[in-house]
4 protein chains.
Amino acid sequence: MSERAHDWEGVLAEAHAAARPHLEEGRVAQYIPELGHADPRWLGLAVHTTAGNRASVGDASRPFTLQSVSKVFGLAAVLAHEGDRIFERVSREPSGDAFHSIVRLEEERGRPRNPYINAGAICVASRLPGTTAEAKVSALQDFLAEAGGERLELDEAVYRSECRTGSRNRALAHYMEHWGVIEGADVAVDAYFRQCSLRIDARRLARLSLFLAHGGADPESGRRIVSEAHSRTLVALMTTCGLYDGVGGFAVDVGLPAKSGVSGAILAVVPGEAAIATFAPALDDNGNSVGSLHALRCLAERTGTSLFRGHQGDLA
Amino acid sequence: MSERAHDWEGVLAEAHAAARPHLEEGRVAQYIPELGHADPRWLGLAVHTTAGNRASVGDASRPFTLQSVSKVFGLAAVLAHEGDRIFERVSREPSGDAFHSIVRLEEERGRPRNPYINAGAICVASRLPGTTAEAKVSALQDFLAEAGGERLELDEAVYRSECRTGSRNRALAHYMEHWGVIEGADVAVDAYFRQCSLRIDARRLARLSLFLAHGGADPESGRRIVSEAHSRTLVALMTTCGLYDGVGGFAVDVGLPAKSGVSGAILAVVPGEAAIATFAPALDDNGNSVGSLHALRCLAERTGTSLFRGHQGDLA
Amino acid sequence: MSERAHDWEGVLAEAHAAARPHLEEGRVAQYIPELGHADPRWLGLAVHTTAGNRASVGDASRPFTLQSVSKVFGLAAVLAHEGDRIFERVSREPSGDAFHSIVRLEEERGRPRNPYINAGAICVASRLPGTTAEAKVSALQDFLAEAGGERLELDEAVYRSECRTGSRNRALAHYMEHWGVIEGADVAVDAYFRQCSLRIDARRLARLSLFLAHGGADPESGRRIVSEAHSRTLVALMTTCGLYDGVGGFAVDVGLPAKSGVSGAILAVVPGEAAIATFAPALDDNGNSVGSLHALRCLAERTGTSLFRGHQGDLA
Amino acid sequence: MSERAHDWEGVLAEAHAAARPHLEEGRVAQYIPELGHADPRWLGLAVHTTAGNRASVGDASRPFTLQSVSKVFGLAAVLAHEGDRIFERVSREPSGDAFHSIVRLEEERGRPRNPYINAGAICVASRLPGTTAEAKVSALQDFLAEAGGERLELDEAVYRSECRTGSRNRALAHYMEHWGVIEGADVAVDAYFRQCSLRIDARRLARLSLFLAHGGADPESGRRIVSEAHSRTLVALMTTCGLYDGVGGFAVDVGLPAKSGVSGAILAVVPGEAAIATFAPALDDNGNSVGSLHALRCLAERTGTSLFRGHQGDLA
């Protein structure tokens, strides 16, 4: 697909204006106390195209932690490391449950429904190379540095906050260990807390994710990060499983593969064209960023990039 | 998106050859006895492009009943009739359950997760115009005649077979009536059985579905069937909810919006480009046609039409 | 067990006084509109001992419909008719769910957890002798006339109200039919609505139930109604499954086998000694009569009849 | 209730003979490897009456670990320590789920259904006095020494085996900690593993449990162990929640309050009369000892001690 000549600066400005009035409709996540310090009025948007164009607006350089957006990268690293064998431990199907539900895990004998719910991501983290949590996350940091050119650092305060409040995730890990789906529950959940606590900003997130829009290779360095098939896997799962219990509505309203995190970030991909990162800390009842959702809805409408459109010609 | 010059005849021949060895891995649906007479070796494939090209191979003119593929058309007709108000009664989220599960319905106080599971489709059928089941399905037949140029007829034997064996669907209908989500459980479920029993073949199904690939308008007649936004809704929900508990794997492996039925049909859409219909009666454990899945996997691989690819340039 | 010389008149007066202040804490059932006309201040208590003593207080002659108390008698009639074969269709275990839950039914492939939840009672009703709902309930009326000396009549207004609002029970019946657990869903659910609508009062209910306190034989007529083993079955299941989601607390606080109904009745049995019937229309969140619970708690405390006491000698 | 003059030696001999042919129908628990060494042919029965009579047969002095039978004693100790406040953390209702189910815990926001499922018992263990697992179990050992005259010792090999294989219990503990139902998941689960690993035999178990048959006081020493109301609570909950998913059938077939453990023990109580302990390691699909169930069925039949009988006079 040759790149369409979108005026990305203009699009982002419009999206920012469209989202701003809605920012305070949501609530900043409180269950990890350290995240509770965020200001609900922050709003940052960034685009990076496979052709090398960049645009950003608002708080696009303000740091946040990856949180669940890290699930995409953890899976990417494990796919690069051990390939599709990870799918013997975790399924690829939408869950229809809250992201942290333990119910489904019992029905499926400990096998998480997909790698983008908490249980699945903890399972994936357990398969990162290395025997300690530090080593596993170091391997992930190396992988991401290869993809995006720089090494993400751990936000120690957020990490400690995750550890203190992470009993549900510990429960998921021990439960999977019970079923033999993972080994080393404590290390796995610690690695997961660490990867969630990696610090980034919208601009760097868009840059880092370019390989997902470009068939698994970084268009700037030319380096292959994951295979073309694995890139499709990562992106397809974003479409069906990336926004918790808002994934169906997002497919209808926006129509782009995306992954959200409770820090307020959403990473969206326009296959063949661009990576988009948004950041606005206040969340809706599904745990998705209200500001990010509004911005992406406007952006997709304005650019006609929904994957589910038919007529491209209608758009001037 | 300008049409890519695929050799569709060649692609279908390859897909047919790829699928044939797998046909007998599945089992023909037995729970509706009339469907049990199908031959697991039947395999028909048809493509119709928005530019007017057609191709087909194998049993592409052999009649089958729409079954769950009808859910897309029922929703299309109701969206055309009453618009998004239908989504006050039915959600738009993947279910993560078997297509006929009643469990989720209890958790959500009778509101079906999406219009492409049985409960959702029965709810949608209850909203077709008309007060009797006959009138409702006649309205659907008129709608489909408008879209595809001809009126689908009821397969009486299949319809009677559905009625005799449809206790689970009756349970779903009464349960939704209990919660006030539908009125008239008996009429709704009868209308649903009738729409499932409409007779078609792969060639006509591809033709009829062109509007879904063309932003809601039929490219041949120029008639608008549903709005552009509703077309996106229909197609997006196919992507997230169209293949029961195989939807995530299909997104990864094929990457096209699709809807399957227990008669062995799958309708797939390449937005902006084509509608594809496949027919092979033997089903896998998820209730999806084994032959159709193999054919579509080959077809998408060969044409590079997965929505989740990045690099189009890689394909010669 | 020789009868203990309780002053039942005095005990009932105390229990009535203890319950009265709590009557308006509950709410009269509204979901069957005809039941909504009851006055929350009504309170009737009656005891009938196996030795022939009787006592009653308050609204003990005011008519009400059996509702779920009928589940005990339906099971008694079916045990007398076909014996333990009924337990091939329905289990004997507590459900841990609301009385009308459909979730558990899916997990257990349509087999109800016990005969005292709605699904179980509908299944039992399907096994009453006769092919029509009228015939089945007539057989039950005959059975009860044998046990208690008089024939209970149908309350037509309540029956019609049940029919109009019984969608959830219809759903349960069709769902069991789907799994082959019952045949004839419509007849079964109609028979169930009819048995729920049989009219009685507290005095007659205590009299009628004497056989449950006397090893299956009516102590007044000497007639055997059910076998000794079936009597134990009926009474044991009251203890483990008779009060919906309040059964555990009732065992602790009262300690007698009992069955409640949404009309506000509770039937309790002191094995070897007496049958007790209470009536107070306002219900708690579990669907059990608030006034009846308070009265029975007082009564059991005062008489020391909890089955789970050790020291009888402590009681003066 | 004055003691009935049962020939307990004769009754136990009959029960032993009745159970022996069935011993190898079950399977010795394997999931705690140390328990897997038990011989499925072991069978020990012991009775101790409140009047001071004792009888035993077979392997009644062969040691086993308390396992889930300890749940009754843990609850007794906590009721003695903090009273009914424990029921703010754990409900008193049957669960209708397997003993280790985590599903119900999610529905009820981390509050276990009753103290005799694993989650409930771990919650109770967290409330034993003391801040370490050792201190908590030492308090329990003291409590039991008060009740039965001797201090039970820890079986170190079983304890280590529990620790190695206890991931599901760890999951339950962390999950309850998430919901704020317990504090200190690791200590709680360690205390629970320790109490499960206390070593006893059938003779000593019957002796130790006399207080449950005697209104909360030990009839031999005269010491009050728990209040009369708490004794009823402990015994009532055995009736409704003591045998996992076999509790309803046991109430029908045996009719005595009882608690089973995966070591093959069952403790049964005849209120006012006796404590009975059985031991046979092979288990049925519900996790209850096959030999113990057969022995208790015979015993209850022979002595007419079912709580749900009416006619005592029928028994010669």
# chains A, B, ... in the order shown; residues from 1 in each chain; ligands from 1
$ interface_residues --of "chain B" --to "chain A" --cutoff "8 Å" --atoms "only C-alpha atoms" --output "MDAnalysis selection string"
chainID B and resid 1 92:97 212:216 228 231:233 235:237 239:240 245:249 251:253 255 271:273 307:313
$ select_by_dssp --residues "region 47-277 of chain C" --states "strand (DSSP E or B)" --output "PyMOL selection string"
chain C and resi 47-49+54-58+64-65+154+198-200+217+224+258-260+265-270+274-277
$ write_last_selection --atoms "N, CA and C atoms" --output "PDB file, in the first residue's frame"
ATOM      1  N   VAL C  47     -48.491 -25.354  64.047  1.00  0.00           N
ATOM      2  CA  VAL C  47     -47.739 -26.586  64.339  1.00  0.00           C
ATOM      3  C   VAL C  47     -48.732 -27.728  64.418  1.00  0.00           C
ATOM      4  N   HIS C  48     -48.303 -28.883  63.913  1.00  0.00           N
ATOM      5  CA  HIS C  48     -49.100 -30.100  64.071  1.00  0.00           C
ATOM      6  C   HIS C  48     -48.118 -31.205  64.456  1.00  0.00           C
ATOM      7  N   THR C  49     -48.349 -31.852  65.592  1.00  0.00           N
ATOM      8  CA  THR C  49     -47.370 -32.851  66.034  1.00  0.00           C
ATOM      9  C   THR C  49     -47.803 -34.251  65.595  1.00  0.00           C
ATOM     10  N   ARG C  54     -52.123 -29.792  68.078  1.00  0.00           N
ATOM     11  CA  ARG C  54     -52.148 -28.705  67.111  1.00  0.00           C
ATOM     12  C   ARG C  54     -52.095 -27.374  67.830  1.00  0.00           C
ATOM     13  N   ALA C  55     -51.461 -26.413  67.189  1.00  0.00           N
ATOM     14  CA  ALA C  55     -51.478 -25.060  67.721  1.00  0.00           C
ATOM     15  C   ALA C  55     -51.324 -24.110  66.556  1.00  0.00           C
ATOM     16  N   SER C  56     -51.872 -22.901  66.673  1.00  0.00           N
ATOM     17  CA  SER C  56     -51.670 -21.915  65.617  1.00  0.00           C
ATOM     18  C   SER C  56     -51.874 -20.535  66.187  1.00  0.00           C
ATOM     19  N   VAL C  57     -51.372 -19.539  65.459  1.00  0.00           N
ATOM     20  CA  VAL C  57     -51.479 -18.165  65.913  1.00  0.00           C
ATOM     21  C   VAL C  57     -51.490 -17.243  64.689  1.00  0.00           C
ATOM     22  N   GLY C  58     -52.157 -16.104  64.816  1.00  0.00           N
ATOM     23  CA  GLY C  58     -52.166 -15.103  63.744  1.00  0.00           C
ATOM     24  C   GLY C  58     -52.909 -15.578  62.505  1.00  0.00           C
ATOM     25  N   PHE C  64     -52.786 -18.823  51.030  1.00  0.00           N
ATOM     26  CA  PHE C  64     -51.666 -18.395  50.172  1.00  0.00           C
ATOM     27  C   PHE C  64     -51.427 -19.526  49.180  1.00  0.00           C
ATOM     28  N   THR C  65     -50.582 -19.280  48.189  1.00  0.00           N
ATOM     29  CA  THR C  65     -50.266 -20.357  47.234  1.00  0.00           C
ATOM     30  C   THR C  65     -48.948 -21.010  47.619  1.00  0.00           C
ATOM     31  N   LEU C 154     -56.700 -24.894  42.739  1.00  0.00           N
ATOM     32  CA  LEU C 154     -55.869 -23.958  41.985  1.00  0.00           C
ATOM     33  C   LEU C 154     -56.355 -22.529  42.198  1.00  0.00           C
ATOM     34  N   LEU C 198     -51.311 -23.801  43.753  1.00  0.00           N
ATOM     35  CA  LEU C 198     -52.275 -24.483  44.624  1.00  0.00           C
ATOM     36  C   LEU C 198     -52.419 -23.690  45.920  1.00  0.00           C
ATOM     37  N   ARG C 199     -53.677 -23.545  46.352  1.00  0.00           N
ATOM     38  CA  ARG C 199     -53.981 -22.681  47.486  1.00  0.00           C
ATOM     39  C   ARG C 199     -54.057 -23.490  48.786  1.00  0.00           C
ATOM     40  N   ILE C 200     -53.503 -22.950  49.853  1.00  0.00           N
ATOM     41  CA  ILE C 200     -53.453 -23.626  51.149  1.00  0.00           C
ATOM     42  C   ILE C 200     -53.404 -22.562  52.233  1.00  0.00           C
ATOM     43  N   ALA C 217     -45.179 -41.903  56.705  1.00  0.00           N
ATOM     44  CA  ALA C 217     -46.567 -42.326  56.899  1.00  0.00           C
ATOM     45  C   ALA C 217     -47.342 -41.219  57.609  1.00  0.00           C
ATOM     46  N   ARG C 224     -49.413 -44.994  54.523  1.00  0.00           N
ATOM     47  CA  ARG C 224     -48.043 -44.717  54.067  1.00  0.00           C
ATOM     48  C   ARG C 224     -48.126 -43.843  52.817  1.00  0.00           C
ATOM     49  N   ALA C 258     -36.240 -27.426  56.069  1.00  0.00           N
ATOM     50  CA  ALA C 258     -37.301 -26.474  55.752  1.00  0.00           C
ATOM     51  C   ALA C 258     -37.323 -26.186  54.269  1.00  0.00           C
ATOM     52  N   LYS C 259     -38.486 -25.749  53.779  1.00  0.00           N
ATOM     53  CA  LYS C 259     -38.601 -25.311  52.388  1.00  0.00           C
ATOM     54  C   LYS C 259     -39.432 -24.042  52.358  1.00  0.00           C
ATOM     55  N   SER C 260     -38.898 -23.047  51.641  1.00  0.00           N
ATOM     56  CA  SER C 260     -39.577 -21.758  51.562  1.00  0.00           C
ATOM     57  C   SER C 260     -40.214 -21.554  50.193  1.00  0.00           C
ATOM     58  N   ALA C 265     -44.328 -18.408  52.597  1.00  0.00           N
ATOM     59  CA  ALA C 265     -44.464 -19.586  53.446  1.00  0.00           C
ATOM     60  C   ALA C 265     -43.117 -20.247  53.676  1.00  0.00           C
ATOM     61  N   ILE C 266     -42.966 -20.862  54.828  1.00  0.00           N
ATOM     62  CA  ILE C 266     -41.889 -21.828  55.064  1.00  0.00           C
ATOM     63  C   ILE C 266     -42.499 -23.035  55.755  1.00  0.00           C
ATOM     64  N   LEU C 267     -42.160 -24.202  55.229  1.00  0.00           N
ATOM     65  CA  LEU C 267     -42.530 -25.459  55.875  1.00  0.00           C
ATOM     66  C   LEU C 267     -41.283 -26.001  56.555  1.00  0.00           C
ATOM     67  N   ALA C 268     -41.353 -26.261  57.865  1.00  0.00           N
ATOM     68  CA  ALA C 268     -40.218 -26.841  58.582  1.00  0.00           C
ATOM     69  C   ALA C 268     -40.657 -28.149  59.231  1.00  0.00           C
ATOM     70  N   VAL C 269     -39.712 -29.056  59.383  1.00  0.00           N
ATOM     71  CA  VAL C 269     -40.013 -30.375  59.923  1.00  0.00           C
ATOM     72  C   VAL C 269     -39.123 -30.629  61.142  1.00  0.00           C
ATOM     73  N   VAL C 270     -39.722 -31.089  62.222  1.00  0.00           N
ATOM     74  CA  VAL C 270     -38.932 -31.611  63.347  1.00  0.00           C
ATOM     75  C   VAL C 270     -39.069 -33.132  63.271  1.00  0.00           C
ATOM     76  N   ALA C 274     -42.879 -33.121  64.676  1.00  0.00           N
ATOM     77  CA  ALA C 274     -43.889 -32.154  64.255  1.00  0.00           C
ATOM     78  C   ALA C 274     -43.600 -31.578  62.883  1.00  0.00           C
ATOM     79  N   ALA C 275     -44.660 -31.045  62.267  1.00  0.00           N
ATOM     80  CA  ALA C 275     -44.524 -30.194  61.085  1.00  0.00           C
ATOM     81  C   ALA C 275     -44.947 -28.796  61.475  1.00  0.00           C
ATOM     82  N   ILE C 276     -44.213 -27.813  60.960  1.00  0.00           N
ATOM     83  CA  ILE C 276     -44.452 -26.414  61.305  1.00  0.00           C
ATOM     84  C   ILE C 276     -44.640 -25.640  60.011  1.00  0.00           C
ATOM     85  N   ALA C 277     -45.669 -24.817  59.926  1.00  0.00           N
ATOM     86  CA  ALA C 277     -45.859 -23.980  58.737  1.00  0.00           C
ATOM     87  C   ALA C 277     -45.963 -22.532  59.159  1.00  0.00           C
TER      88      ALA C 277
END
$ residues_around --residues "region 116-128 of chain C" --least-positions-apart "6" --cutoff "8 Å" --atoms "only C-alpha atoms" --output "PyMOL selection string"
chain C and resi 68+71-72+74-75+77-78+81+86+89-90+99-100+136-137+139-140+169+172-173+176+181-185+187-189+191-192+237-238+241-242+244
$ select_by_dssp --residues "region 49-280 of chain C" --states "helix (DSSP H, G or I)" --output "ChimeraX atom specification"
/C:67-88,103-107,118-126,133-148,156-165,167-178,185-196,202-208,210-213,228-241,244-253
$ closest_residue --among "D:Tyr31, D:Phe279, D:Phe87, D:Trp8" --to "Ala60 (chain D)" --atoms "only C-alpha atoms"
D:Phe279
$ residues_around --residues "Arg170 (chain A)" --least-positions-apart "3" --cutoff "8 Å" --atoms "only C-alpha atoms" --output "list in words"
Gly166, Ser167, Ala173, His174, Ala185, Asp186 and Val189 of chain A; Ala171, His174 and Tyr175 of chain D
